[in-house]
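First up is the structure itself, then whatever we jot down about it.
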Amino acid sequence: MTTDPRCPDCGVTMEEMTVQTSGGHHLQFLSDETKEGLLGKLGVKQRYDGQTYVCPECGLARLYADIDE
Ligand SMILES: [Zn+2]
């Protein structure tokens, strides 16, 4: 993410925040795609960390998968 997302309702820059479960686990996206290479051959699925932006005005949250290009 190179640019800070803006809230579609308020038009202000959204703040990056960390979302985790009450047990302290980070949220992850689990893709149907398998990883490339040896891990993929073993059936390991591709995982992405979540990146969350929250609007400081209205509290709207946007959750992005941190996909490497
Ligand atoms: Zn807002």
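We label chains A, B, ... in the order they appear in the structure tokens, count residues from 1 in each chain, and number ligands from 1 in the order shown.
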Residues of chain A that have any atom at most 12 Å from an atom of ligand 1: could you tabulate them with the shortest-distance atom pair and the distance in Å to one decimal, using only C-alpha atoms and all ligand atoms, ordered by chain and increasing number, as JSON lines?
{"residue": "A:Pro5", "atom": "CA", "partner": "ligand 1", "partner_atom_place_in_ligand_line": "1 (Zn)", "distance": 10.9}
{"residue": "A:Arg6", "atom": "CA", "partner": "ligand 1", "partner_atom_place_in_ligand_line": "1 (Zn)", "distance": 8.1}
{"residue": "A:Cys7", "atom": "CA", "partner": "ligand 1", "partner_atom_place_in_ligand_line": "1 (Zn)", "distance": 4.7}
{"residue": "A:Pro8", "atom": "CA", "partner": "ligand 1", "partner_atom_place_in_ligand_line": "1 (Zn)", "distance": 6.7}
{"residue": "A:Asp9", "atom": "CA", "partner": "ligand 1", "partner_atom_place_in_ligand_line": "1 (Zn)", "distance": 5.1}
{"residue": "A:Cys10", "atom": "CA", "partner": "ligand 1", "partner_atom_place_in_ligand_line": "1 (Zn)", "distance": 4.2}
{"residue": "A:Gly11", "atom": "CA", "partner": "ligand 1", "partner_atom_place_in_ligand_line": "1 (Zn)", "distance": 6.8}
{"residue": "A:Val12", "atom": "CA", "partner": "ligand 1", "partner_atom_place_in_ligand_line": "1 (Zn)", "distance": 6.7}
{"residue": "A:Thr13", "atom": "CA", "partner": "ligand 1", "partner_atom_place_in_ligand_line": "1 (Zn)", "distance": 8.7}
{"residue": "A:Met14", "atom": "CA", "partner": "ligand 1", "partner_atom_place_in_ligand_line": "1 (Zn)", "distance": 7.8}
{"residue": "A:Glu15", "atom": "CA", "partner": "ligand 1", "partner_atom_place_in_ligand_line": "1 (Zn)", "distance": 10.6}
{"residue": "A:Tyr53", "atom": "CA", "partner": "ligand 1", "partner_atom_place_in_ligand_line": "1 (Zn)", "distance": 10.7}
{"residue": "A:Val54", "atom": "CA", "partner": "ligand 1", "partner_atom_place_in_ligand_line": "1 (Zn)", "distance": 8.0}
{"residue": "A:Cys55", "atom": "CA", "partner": "ligand 1", "partner_atom_place_in_ligand_line": "1 (Zn)", "distance": 4.7}
{"residue": "A:Pro56", "atom": "CA", "partner": "ligand 1", "partner_atom_place_in_ligand_line": "1 (Zn)", "distance": 6.6}
{"residue": "A:Glu57", "atom": "CA", "partner": "ligand 1", "partner_atom_place_in_ligand_line": "1 (Zn)", "distance": 4.9}
{"residue": "A:Cys58", "atom": "CA", "partner": "ligand 1", "partner_atom_place_in_ligand_line": "1 (Zn)", "distance": 4.1}
{"residue": "A:Gly59", "atom": "CA", "partner": "ligand 1", "partner_atom_place_in_ligand_line": "1 (Zn)", "distance": 6.1}
{"residue": "A:Leu60", "atom": "CA", "partner": "ligand 1", "partner_atom_place_in_ligand_line": "1 (Zn)", "distance": 5.6}
{"residue": "A:Ala61", "atom": "CA", "partner": "ligand 1", "partner_atom_place_in_ligand_line": "1 (Zn)", "distance": 8.7}
{"residue": "A:Arg62", "atom": "CA", "partner": "ligand 1", "partner_atom_place_in_ligand_line": "1 (Zn)", "distance": 10.6}
Inset, instruction - Extract the full set of alpha helix (DSSP H) residues from chain A according to DSSP on the backbone, and format it as a list in words. - result: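 Assigned to alpha helix (DSSP H), within chain A: Leu38, Leu39, Gly40 and Lys41 of chain A.
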Legend entry - Distance query Gln46 (chain A) at most 6 Å, only C-alpha atoms, self and fewer than 6 positions along chain excluded, as a PyMOL selection string: chain A and resi 31+33-35
Inset, instruction - Determine which residues of chain A DSSP labels as strand (DSSP E) from the backbone of this structure, then write them out as a ChimeraX atom specification. - result: /A:15-17,28-34,45-54,61-65
Inset, instruction - Find, counting only C-alpha atoms, the residue in A:Leu63, A:Gln28, A:Asp68, A:Thr18 that gets nearest to Arg47 (chain A). - result: A:Gln28
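Separating CA of Met17 (chain A) from CA of Thr52 (chain A) is a distance of 5.5 Å.
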Inset, instruction - Take CA of Gly24 (chain A) and CA of Gly50 (chain A) and report the distance between them in Å, one decimal. - result: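 Result for CA of Gly24 (chain A) versus CA of Gly50 (chain A): 14.1 Å, one decimal.
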Inset, instruction - Write out as a ChimeraX atom specification each polymer residue whose atoms come within 7 Å of Asp49 (chain A), counting only C-alpha atoms; drop sequence neighbours fewer than 6 positions from it. - result: /A:27-29,65-66
